[in-house]
>>> print(open('entry_22.tsv').read())   # TSV, C-alpha atoms
chain	number	residue	atom	x	y	z
A	1	MET	CA	78.78	98.63	87.44
A	2	SER	CA	76.29	101.47	87.68
A	3	HIS	CA	77.55	104.76	86.33
A	4	ILE	CA	78.01	107.35	89.09
A	5	GLN	CA	76.97	110.81	87.95
A	6	PHE	CA	78.73	113.89	89.29
A	7	GLU	CA	79.34	117.55	88.52
A	8	LYS	CA	82.54	119.41	89.37
A	9	ARG	CA	83.33	123.11	89.77
A	10	ASN	CA	86.26	125.11	91.12
A	11	LEU	CA	85.73	128.22	93.21
A	12	LYS	CA	87.95	131.26	92.69
A	13	ASN	CA	89.86	130.52	95.90
A	14	GLY	CA	90.88	127.08	94.61
A	15	LEU	CA	88.32	124.94	96.41
A	16	THR	CA	87.24	121.95	94.30
A	17	VAL	CA	83.53	121.24	94.73
A	18	ILE	CA	81.95	118.01	93.50
A	19	HIS	CA	78.25	117.15	93.61
A	20	HIS	CA	76.58	113.76	93.36
A	21	LEU	CA	72.77	113.59	93.43
A	22	ASP	CA	71.10	110.58	95.04
A	23	THR	CA	67.36	111.04	95.59
A	24	ASN	CA	66.96	107.49	96.89
A	25	THR	CA	68.23	108.52	100.32
A	26	PRO	CA	66.92	111.00	102.91
A	27	PHE	CA	70.51	111.94	103.82
A	28	VAL	CA	73.28	114.25	102.64
A	29	VAL	CA	76.99	113.61	103.07
A	30	VAL	CA	79.46	116.49	103.06
A	31	ASN	CA	83.01	115.22	102.70
A	32	ALA	CA	86.10	117.43	103.03
A	33	LEU	CA	89.36	115.85	101.87
A	34	TYR	CA	92.53	117.80	102.66
A	35	LYS	CA	95.59	117.05	100.55
A	36	VAL	CA	97.86	116.45	103.51
A	37	GLY	CA	98.93	113.15	105.00
A	38	ALA	CA	101.89	111.67	106.80
A	39	LYS	CA	104.05	111.88	103.65
A	40	HIS	CA	103.89	115.67	103.76
A	41	GLU	CA	105.49	115.86	107.22
A	42	GLN	CA	109.09	116.67	108.10
A	43	SER	CA	111.09	113.63	109.17
A	44	THR	CA	111.78	115.29	112.53
A	45	LYS	CA	108.14	116.28	113.09
A	46	THR	CA	106.01	113.28	112.21
A	47	GLY	CA	102.49	112.38	113.28
A	48	PHE	CA	101.24	115.94	112.70
A	49	ALA	CA	98.62	115.06	110.08
A	50	HIS	CA	97.03	112.59	112.48
A	51	LEU	CA	97.37	114.95	115.44
A	52	PHE	CA	95.59	117.58	113.40
A	53	GLU	CA	92.73	115.24	112.62
A	54	HIS	CA	92.09	115.27	116.39
A	55	LEU	CA	92.58	119.03	116.73
A	56	MET	CA	89.98	119.70	114.04
A	57	PHE	CA	87.26	118.63	116.50
A	58	GLU	CA	88.32	121.20	119.12
A	59	GLY	CA	85.70	123.71	118.01
A	60	THR	CA	85.86	127.41	117.13
A	61	PRO	CA	84.82	130.67	118.80
A	62	ASP	CA	81.43	130.36	117.07
A	63	VAL	CA	81.03	126.60	117.59
A	64	PRO	CA	82.84	125.57	120.77
A	65	TYR	CA	81.68	121.94	120.43
A	66	PHE	CA	81.86	120.77	116.81
A	67	ASP	CA	79.68	117.68	117.33
A	68	GLY	CA	76.88	119.61	119.01
A	69	PRO	CA	75.05	121.08	115.99
A	70	LEU	CA	75.40	117.79	114.09
A	71	GLN	CA	73.98	115.71	116.91
A	72	GLU	CA	71.11	118.16	117.40
A	73	SER	CA	70.30	117.89	113.69
A	74	GLY	CA	70.27	114.08	113.77
A	75	GLY	CA	73.66	113.79	112.10
A	76	GLU	CA	77.00	112.15	112.72
A	77	ASN	CA	80.60	112.63	111.63
A	78	ASN	CA	84.03	111.08	111.61
A	79	ALA	CA	87.48	111.40	110.08
A	80	PHE	CA	90.55	109.40	109.12
A	81	THR	CA	94.15	110.08	108.18
A	82	ASN	CA	96.57	108.07	106.09
A	83	ASN	CA	99.96	108.64	104.47
A	84	ASP	CA	98.44	110.49	101.50
A	85	TYR	CA	95.56	112.63	102.81
A	86	THR	CA	93.19	113.50	105.66
A	87	ASN	CA	89.43	113.05	105.26
A	88	TYR	CA	86.46	114.42	107.23
A	89	TYR	CA	82.80	113.59	106.64
A	90	ASP	CA	79.44	114.66	108.01
A	91	ILE	CA	76.14	112.82	107.47
A	92	VAL	CA	72.86	114.65	108.13
A	93	PRO	CA	69.17	114.32	107.23
A	94	ASP	CA	68.56	116.23	104.01
A	95	ILE	CA	66.36	118.76	105.81
A	96	ASN	CA	69.48	119.91	107.70
A	97	ALA	CA	71.87	119.72	104.77
A	98	GLU	CA	73.29	123.24	105.13
A	99	ILE	CA	74.65	122.67	108.63
A	100	PRO	CA	77.80	120.75	107.55
A	101	PHE	CA	78.67	123.51	105.05
A	102	TRP	CA	78.68	126.02	107.88
A	103	LEU	CA	80.62	123.76	110.25
A	104	GLU	CA	83.33	122.73	107.78
A	105	ALA	CA	83.86	126.29	106.56
A	106	ASP	CA	83.98	127.52	110.15
A	107	ARG	CA	86.72	125.15	111.26
A	108	MET	CA	88.66	125.74	108.05
A	109	THR	CA	89.00	129.40	109.04
A	110	GLN	CA	89.05	129.84	112.82
A	111	LEU	CA	89.93	126.62	114.61
A	112	ASN	CA	90.54	126.80	118.36
A	113	ILE	CA	94.27	126.11	118.50
A	114	ASN	CA	95.54	127.02	121.95
A	115	ALA	CA	97.78	125.58	124.62
A	116	GLN	CA	94.90	123.81	126.34
A	117	SER	CA	93.45	122.14	123.23
A	118	LEU	CA	96.93	121.11	122.06
A	119	LYS	CA	97.80	119.62	125.44
A	120	LEU	CA	94.56	117.63	125.49
A	121	GLN	CA	94.88	116.20	121.97
A	122	LYS	CA	98.59	115.47	122.36
A	123	LYS	CA	97.68	113.39	125.39
A	124	VAL	CA	95.02	111.52	123.40
A	125	VAL	CA	97.38	110.81	120.48
A	126	ILE	CA	100.28	109.79	122.73
A	127	GLU	CA	97.96	107.36	124.50
A	128	GLU	CA	96.83	106.02	121.12
A	129	PHE	CA	100.48	105.60	120.09
A	130	LYS	CA	101.17	103.58	123.24
A	131	GLU	CA	97.99	101.50	123.07
A	132	ASN	CA	98.27	100.59	119.39
A	133	TYR	CA	101.97	100.71	118.51
A	134	ILE	CA	104.13	100.33	121.63
A	135	ASN	CA	102.35	98.19	124.21
A	136	PRO	CA	100.38	95.55	122.24
A	137	PRO	CA	101.94	92.44	120.71
A	138	TYR	CA	103.12	93.08	117.13
A	139	GLY	CA	102.31	96.80	117.45
A	140	ASP	CA	105.64	97.98	116.05
A	141	ILE	CA	105.62	95.85	112.87
A	142	GLN	CA	104.65	98.71	110.56
A	143	HIS	CA	107.38	100.95	111.99
A	144	ILE	CA	110.03	98.29	111.41
A	145	LEU	CA	108.74	97.20	108.02
A	146	ARG	CA	108.39	100.69	106.55
A	147	SER	CA	111.88	101.65	107.68
A	148	MET	CA	113.19	98.57	105.83
A	149	LEU	CA	111.38	99.19	102.54
A	150	TYR	CA	111.66	102.96	102.25
A	151	GLN	CA	115.13	104.44	102.23
A	152	LYS	CA	114.11	107.88	100.91
A	153	HIS	CA	110.33	108.30	100.66
A	154	PRO	CA	108.40	109.57	103.72
A	155	TYR	CA	106.27	106.44	103.59
A	156	GLN	CA	109.04	105.19	105.90
A	157	TRP	CA	106.83	106.03	108.88
A	158	PRO	CA	103.17	105.14	109.53
A	159	THR	CA	100.43	107.71	110.02
A	160	ILE	CA	100.80	107.75	113.81
A	161	GLY	CA	104.36	109.05	113.32
A	162	LYS	CA	107.93	107.81	113.44
A	163	ASP	CA	108.64	108.57	117.10
A	164	ILE	CA	106.30	109.30	119.99
A	165	GLN	CA	108.61	112.15	121.02
A	166	HIS	CA	107.69	114.06	117.86
A	167	ILE	CA	104.16	114.47	119.25
A	168	GLN	CA	105.37	115.05	122.79
A	169	LYS	CA	107.58	117.91	121.58
A	170	ALA	CA	105.01	119.48	119.21
A	171	THR	CA	104.67	123.19	120.00
A	172	LEU	CA	101.78	125.58	119.54
A	173	ASP	CA	103.74	127.35	116.80
A	174	ASP	CA	104.30	124.01	115.04
A	175	VAL	CA	100.60	123.14	114.84
A	176	LYS	CA	99.50	126.68	113.98
A	177	ARG	CA	101.95	126.67	111.09
A	178	PHE	CA	100.64	123.26	109.94
A	179	TYR	CA	97.07	124.59	110.01
A	180	GLN	CA	97.94	127.72	108.05
A	181	GLN	CA	99.88	125.77	105.43
A	182	TYR	CA	97.46	122.96	104.70
A	183	TYR	CA	93.93	123.76	105.92
A	184	ALA	CA	92.83	126.09	103.18
A	185	PRO	CA	90.29	125.96	100.33
A	186	ASN	CA	92.96	125.48	97.65
A	187	ASN	CA	94.15	122.35	99.45
A	188	CYS	CA	90.68	120.84	99.87
A	189	ILE	CA	88.26	118.76	97.83
A	190	LEU	CA	84.66	119.19	98.98
A	191	VAL	CA	82.16	116.54	97.88
A	192	ILE	CA	78.42	116.81	98.50
A	193	GLY	CA	76.43	113.63	97.96
A	194	GLY	CA	72.81	112.67	98.55
A	195	ASN	CA	69.38	114.25	98.37
A	196	LEU	CA	70.43	117.82	97.66
A	197	GLN	CA	69.94	119.47	94.29
A	198	GLN	CA	72.99	120.54	92.34
A	199	ASP	CA	72.22	124.27	92.19
A	200	THR	CA	71.69	124.42	95.94
A	201	ALA	CA	74.87	122.47	96.66
A	202	PHE	CA	77.05	124.80	94.60
A	203	GLU	CA	75.23	127.85	95.94
A	204	TRP	CA	75.93	126.84	99.55
A	205	ALA	CA	79.53	125.96	98.74
A	206	GLU	CA	80.03	129.47	97.39
A	207	LYS	CA	78.11	131.03	100.29
A	208	TRP	CA	80.14	129.35	103.06
A	209	PHE	CA	83.54	128.74	101.46
A	210	GLY	CA	83.79	131.30	98.67
A	211	GLN	CA	85.23	134.13	100.78
A	212	ILE	CA	87.89	132.04	102.53
A	213	PRO	CA	91.29	133.16	101.22
A	214	PRO	CA	93.66	130.62	99.68
A	215	THR	CA	97.11	130.03	101.09
A	216	MET	CA	100.57	129.19	99.80
A	217	ILE	CA	100.74	125.40	99.91
A	218	PRO	CA	104.30	124.16	100.55
A	219	GLU	CA	105.85	122.44	97.55
A	220	HIS	CA	106.69	118.82	98.15
A	221	HIS	CA	109.18	117.14	95.84
A	222	LEU	CA	108.80	113.62	97.16
A	223	PRO	CA	111.80	111.42	96.41
A	224	ILE	CA	111.30	108.42	94.16
A	225	GLU	CA	112.29	105.21	95.89
A	226	ALA	CA	115.14	103.51	94.03
A	227	VAL	CA	114.68	100.01	92.64
A	228	GLN	CA	115.85	97.57	95.29
A	229	THR	CA	118.71	95.35	94.14
A	230	GLU	CA	119.61	93.27	97.20
A	231	THR	CA	117.77	91.33	99.89
A	232	ARG	CA	117.18	93.01	103.24
A	233	THR	CA	116.50	91.05	106.43
A	234	PHE	CA	115.94	92.01	110.05
A	235	THR	CA	115.38	89.89	113.15
A	236	HIS	CA	113.34	91.28	116.02
A	237	TYR	CA	112.52	89.54	119.31
A	238	ALA	CA	109.43	90.51	121.30
A	239	ASP	CA	107.19	89.18	124.03
A	240	VAL	CA	104.55	87.81	121.66
A	241	PRO	CA	102.55	84.54	121.71
A	242	GLN	CA	103.58	83.44	118.20
A	243	SER	CA	106.52	84.14	115.95
A	244	MET	CA	105.77	85.86	112.65
A	245	ILE	CA	107.46	86.18	109.32
A	246	ILE	CA	106.79	89.18	107.10
A	247	ILE	CA	108.09	89.37	103.53
A	248	ALA	CA	107.47	92.66	101.73
A	249	PHE	CA	108.24	94.15	98.32
A	250	LEU	CA	108.00	97.59	96.79
A	251	MET	CA	105.26	97.67	94.14
A	252	PRO	CA	103.74	100.12	91.64
A	253	GLY	CA	101.90	103.19	92.88
A	254	ARG	CA	98.17	103.72	92.56
A	255	LEU	CA	98.24	105.00	88.98
A	256	GLU	CA	101.06	102.84	87.66
A	257	ASP	CA	101.00	99.70	85.53
A	258	GLY	CA	100.89	96.59	87.70
A	259	TYR	CA	98.89	98.05	90.59
A	260	PHE	CA	95.69	96.16	89.79
A	261	GLU	CA	97.61	92.94	89.14
A	262	ALA	CA	99.21	93.27	92.59
A	263	ASP	CA	95.78	93.67	94.15
A	264	LEU	CA	94.45	90.52	92.49
A	265	VAL	CA	97.56	88.46	93.26
A	266	THR	CA	97.11	89.11	96.99
A	267	ASP	CA	93.55	87.78	96.71
A	268	ILE	CA	94.71	84.69	94.84
A	269	LEU	CA	97.26	84.02	97.57
A	270	SER	CA	95.17	84.63	100.66
A	271	SER	CA	91.54	85.60	100.15
A	272	GLY	CA	89.32	82.92	101.67
A	273	GLN	CA	89.72	79.24	102.39
A	274	SER	CA	90.17	78.34	98.73
A	275	SER	CA	93.23	80.58	98.43
A	276	ARG	CA	96.68	79.14	97.78
A	277	PHE	CA	98.21	80.11	101.11
A	278	TYR	CA	95.32	78.72	103.11
A	279	GLN	CA	95.14	75.45	101.21
A	280	LYS	CA	98.87	74.74	101.15
A	281	LEU	CA	100.38	76.46	104.18
A	282	VAL	CA	97.56	76.45	106.73
A	283	LYS	CA	95.41	73.42	105.93
A	284	GLU	CA	97.82	70.99	104.26
A	285	ARG	CA	101.25	71.70	105.77
A	286	LYS	CA	100.01	73.30	109.02
A	287	LEU	CA	102.91	75.75	109.14
A	288	PHE	CA	100.84	78.83	109.90
A	289	SER	CA	97.86	79.52	112.12
A	290	GLU	CA	97.08	82.38	109.75
A	291	ILE	CA	98.74	83.99	106.76
A	292	GLU	CA	97.67	86.84	104.50
A	293	ALA	CA	98.88	88.91	101.59
A	294	TYR	CA	97.86	92.54	101.12
A	295	ILE	CA	98.88	95.78	99.47
A	296	SER	CA	99.19	99.18	101.14
A	297	GLY	CA	97.11	100.98	98.47
A	298	SER	CA	99.48	103.96	98.51
A	299	ILE	CA	99.35	106.66	95.86
A	300	ASP	CA	103.14	106.56	95.44
A	301	THR	CA	105.33	103.44	95.38
A	302	GLY	CA	103.51	100.99	97.63
A	303	MET	CA	104.05	97.81	99.63
A	304	PHE	CA	103.13	94.24	98.71
A	305	VAL	CA	103.17	92.34	102.00
A	306	VAL	CA	102.95	88.68	103.03
A	307	GLU	CA	102.69	88.07	106.76
A	308	GLY	CA	102.06	84.89	108.64
A	309	ARG	CA	101.87	83.66	112.24
A	310	LEU	CA	103.66	80.38	112.77
A	311	HIS	CA	102.42	77.42	114.74
A	312	ASP	CA	104.56	76.56	117.76
A	313	ASN	CA	107.73	74.56	117.00
A	314	VAL	CA	107.65	75.41	113.28
A	315	ASP	CA	111.08	76.41	112.01
A	316	ILE	CA	111.03	80.00	110.71
A	317	HIS	CA	113.17	79.12	107.68
A	318	GLU	CA	110.96	76.18	106.74
A	319	ALA	CA	107.99	78.55	106.83
A	320	GLU	CA	109.91	81.11	104.77
A	321	ASP	CA	110.84	78.51	102.13
A	322	ALA	CA	107.20	77.46	101.92
A	323	ILE	CA	106.11	81.04	101.15
A	324	TRP	CA	108.77	81.37	98.48
A	325	HIS	CA	107.71	78.07	96.96
A	326	GLU	CA	104.21	79.49	96.41
A	327	ILE	CA	105.62	82.73	94.97
A	328	PHE	CA	107.93	80.83	92.61
A	329	LYS	CA	104.94	78.81	91.40
A	330	LEU	CA	103.24	82.10	90.44
A	331	GLN	CA	106.33	83.10	88.47
A	332	GLU	CA	107.05	79.78	86.79
A	333	GLU	CA	103.60	78.29	86.24
A	334	GLY	CA	101.52	81.46	86.17
A	335	ILE	CA	97.88	81.65	87.21
A	336	ALA	CA	95.07	79.90	85.37
A	337	GLU	CA	92.54	82.18	83.72
A	338	MET	CA	89.78	80.42	85.68
A	339	GLU	CA	91.46	81.36	88.97
A	340	ILE	CA	91.88	84.95	87.81
A	341	GLU	CA	88.24	85.19	86.70
A	342	LYS	CA	87.06	83.95	90.09
A	343	VAL	CA	89.01	86.62	91.94
A	344	LYS	CA	88.01	89.32	89.43
A	345	ASN	CA	84.35	88.45	89.96
A	346	GLN	CA	84.80	88.73	93.73
A	347	MET	CA	86.44	92.12	93.29
A	348	VAL	CA	83.69	93.43	91.00
A	349	THR	CA	81.02	92.22	93.44
A	350	TYR	CA	82.79	94.05	96.26
A	351	MET	CA	82.96	97.23	94.17
A	352	LYS	CA	79.25	97.02	93.34
A	353	PHE	CA	78.33	96.65	97.01
A	354	SER	CA	80.62	99.54	97.87
A	355	ASP	CA	78.81	101.77	95.38
A	356	VAL	CA	75.51	101.16	97.16
A	357	SER	CA	76.74	103.22	100.12
A	358	LEU	CA	76.30	106.98	99.73
A	359	LEU	CA	79.19	107.59	102.12
A	360	ASN	CA	81.52	105.34	100.11
A	361	LYS	CA	80.61	107.06	96.86
A	362	THR	CA	81.19	110.48	98.38
A	363	ILE	CA	84.58	109.56	99.85
A	364	ASN	CA	85.61	107.83	96.61
A	365	LEU	CA	84.75	110.85	94.48
A	366	ALA	CA	87.07	112.95	96.63
A	367	TYR	CA	89.80	110.32	96.48
A	368	TYR	CA	89.71	109.90	92.69
A	369	GLU	CA	89.78	113.66	92.27
A	370	LEU	CA	92.89	113.68	94.48
A	371	LEU	CA	94.43	111.08	92.16
A	372	GLY	CA	93.89	113.49	89.30
A	373	ASN	CA	91.28	111.46	87.42
A	374	ILE	CA	87.83	111.50	89.02
A	375	ASN	CA	86.48	109.43	86.13
A	376	LEU	CA	88.29	106.41	87.58
A	377	ILE	CA	85.29	105.96	89.85
A	378	ASN	CA	83.47	104.66	86.77
A	379	GLU	CA	86.45	103.11	84.99
A	380	GLU	CA	88.25	100.94	87.53
A	381	GLU	CA	86.10	97.89	86.94
A	382	GLN	CA	87.37	97.96	83.36
A	383	GLU	CA	90.95	98.07	84.66
A	384	TYR	CA	90.36	94.86	86.61
A	385	GLU	CA	88.69	93.28	83.57
A	386	LYS	CA	91.87	93.83	81.53
A	387	ILE	CA	93.93	91.64	83.86
A	388	ASN	CA	94.87	88.24	82.48
A	389	ALA	CA	97.27	85.36	83.13
A	390	GLU	CA	100.06	87.05	81.20
A	391	SER	CA	99.85	90.37	83.06
A	392	THR	CA	99.71	88.74	86.52
A	393	GLN	CA	102.69	86.53	85.76
A	394	SER	CA	104.56	89.55	84.41
A	395	PHE	CA	103.90	91.43	87.67
A	396	CYS	CA	105.11	88.50	89.79
A	397	ASN	CA	108.29	88.11	87.74
A	398	GLU	CA	109.11	91.81	87.88
A	399	PHE	CA	108.35	92.62	91.52
A	400	LEU	CA	108.25	89.46	93.67
A	401	ASN	CA	111.92	88.50	93.61
A	402	LYS	CA	114.32	87.62	96.42
A	403	HIS	CA	116.75	90.41	95.62
A	404	GLN	CA	113.84	92.85	95.96
A	405	SER	CA	112.50	91.36	99.18
A	406	ASN	CA	112.48	92.68	102.73
A	407	THR	CA	112.10	89.94	105.32
A	408	LEU	CA	111.28	90.63	108.94
A	409	TYR	CA	111.70	87.71	111.35
A	410	TYR	CA	109.48	88.81	114.20
A	411	LEU	CA	110.22	86.15	116.80
A	412	SER	CA	108.84	85.28	120.18
A	413	SER	CA	111.35	85.94	122.96
A	414	SER	CA	110.96	82.28	123.92
A	415	CYS	CA	112.84	81.39	120.71
A	416	LYS	CA	116.08	82.97	121.93
>>> encode(input="entry_22.tsv", output="structure tokens")
Amino acid sequence: MSHIQFEKRNLKNGLTVIHHLDTNTPFVVVNALYKVGAKHEQSTKTGFAHLFEHLMFEGTPDVPYFDGPLQESGGENNAFTNNDYTNYYDIVPDINAEIPFWLEADRMTQLNINAQSLKLQKKVVIEEFKENYINPPYGDIQHILRSMLYQKHPYQWPTIGKDIQHIQKATLDDVKRFYQQYYAPNNCILVIGGNLQQDTAFEWAEKWFGQIPPTMIPEHHLPIEAVQTETRTFTHYADVPQSMIIIAFLMPGRLEDGYFEADLVTDILSSGQSSRFYQKLVKERKLFSEIEAYISGSIDTGMFVVEGRLHDNVDIHEAEDAIWHEIFKLQEEGIAEMEIEKVKNQMVTYMKFSDVSLLNKTINLAYYELLGNINLINEEEQEYEKINAESTQSFCNEFLNKHQSNTLYYLSSSCK
């Protein structure tokens, strides 16, 4: 993997500034990662991090329409929120590279938060909640699943929030307080990537952000999820075309031993038509129309999930036994080194392609800095290379057990 060069400095107000030079592109990316996600919310006021992602595009007294200056300069922007953080990025031609500095500093300090903007964005988010999580088939799976796995940790609700009423009841004081607590330089990682020289990047960061005062970031003592010791099951009926079975386990967090093994095991089970699930459960036994395994990628204790859609007239317990048969094979027989090497090579290829994108590199630099070790951007390939048959089997034996499983029978109403 090519070595990604970067330089990091901290401003006096706590803003972390990272620069990555890439002269092979005519663009500059300015990425602002705020250390606030759904896990930082109160359990009675969820969905605020995502709501605020929308509010951040409501403009300021100086820039009423945030997108305007970017579009006029030939640029574009977007944002995303997850359980761990909120991320905003702007892409502009290098000749207009200073514009995002101005815009991001401006909305960090004087965002238009008023009754009208709040009403508008609440309406947008509520509609998104309905369209993606309430009305569509299978939309509520993440809500049900997370509430099963997490008894203490705020990962127990997805980014959209636990309850639509939390957004409906959000007040102007609530969102102003959220802005004041979290949208500050000492809670932000600013990454500048592309065709902009290092001295200029740091100079502009100081010019536009240096005078913004820091704030008192609320302390969050996130509870550690206890080791699960007994099986949990839940049956849910819904008006869906196919019944599903979802089996999920708690797994190591992003920086813990076993995380990379979990990632590779999901690929061995379900990545591509040569995968174990596809060959045995889709092609050979024809139990599922589709089945996949994936991890949540969470910074704290995460989720290892297997979910499959059953063919009509397939017994849910037969399908469940078939999944467990494949998991038990991982535990008892292990995984051949040749199979591991194949998946590792696929992963390394994916990482190399990812590093070609300036935007990906810029976002990843911010993310690894959030993790507390920015050098991981150049070291993770080595972490995957360390994985072997013994370590994958050890992961499966420690984490993929029935007494640690959470099984959701998500059944078509026609099965009643």
>>> residues_near_point(input="entry_22.tsv", point="(108.5, 118.1, 97.2)", cutoff="12 Å", atoms="all atoms listed in the file", output="list of chain:residue names")
A:Lys39, A:His40, A:Glu41, A:Gln42, A:His153, A:Pro154, A:Ile217, A:Pro218, A:Glu219, A:His220, A:His221, A:Leu222, A:Pro223, A:Ile224
>>> atom_distance(input="entry_22.tsv", atom1="CA of Gly59 (chain A)", atom2="CA of Ile126 (chain A)")
20.7 Å
>>> closest_residue(input="entry_22.tsv", among="A:Ala262, A:Ile164, A:Cys396, A:Ile247", to="Thr44 (chain A)", atoms="only C-alpha atoms")
A:Ile164
>>> axis_aligned_box(input="entry_22.tsv", around="region 273-278 of chain A", padding_each_side="3 Å", output="AutoDock Vina command-line options")
--center_x 94.0 --center_y 79.5 --center_z 100.4 --size_x 14.5 --size_y 8.2 --size_z 11.3
>>> closest_residue(input="entry_22.tsv", among="A:Ile246, A:Ala105, A:Leu408, A:Leu33", to="Phe66 (chain A)", atoms="all atoms listed in the file")
A:Ala105
>>> residues_around(input="entry_22.tsv", residues="region 88-92 of chain A", least_positions_apart="6", cutoff="8 Å", atoms="only C-alpha atoms", output="list in words")
Phe27, Val28, Val29, Val30, Asn31, Ala32, Leu33, Leu70, Ser73, Gly74, Gly75, Glu76, Asn77, Asn78, Ala79, Phe80 and Pro100 of chain A
>>> closest_atom_pairs(input="entry_22.tsv", of="region 265-376 of chain A", to="region 185-199 of chain A", cutoff="9 Å", atoms="all atoms listed in the file", output="CSV")
residue,atom,partner,partner_atom,distance
A:Leu358,CA,A:Gly194,CA,6.8
A:Leu359,CA,A:Gly193,CA,7.8
A:Lys361,CA,A:Gly193,CA,7.9
A:Thr362,CA,A:Gly193,CA,5.7
A:Ile363,CA,A:Val191,CA,7.6
A:Leu365,CA,A:Val191,CA,7.1
A:Ala366,CA,A:Ile189,CA,6.1
A:Tyr367,CA,A:Ile189,CA,8.7
A:Glu369,CA,A:Ile189,CA,7.7
A:Leu370,CA,A:Ile189,CA,7.6
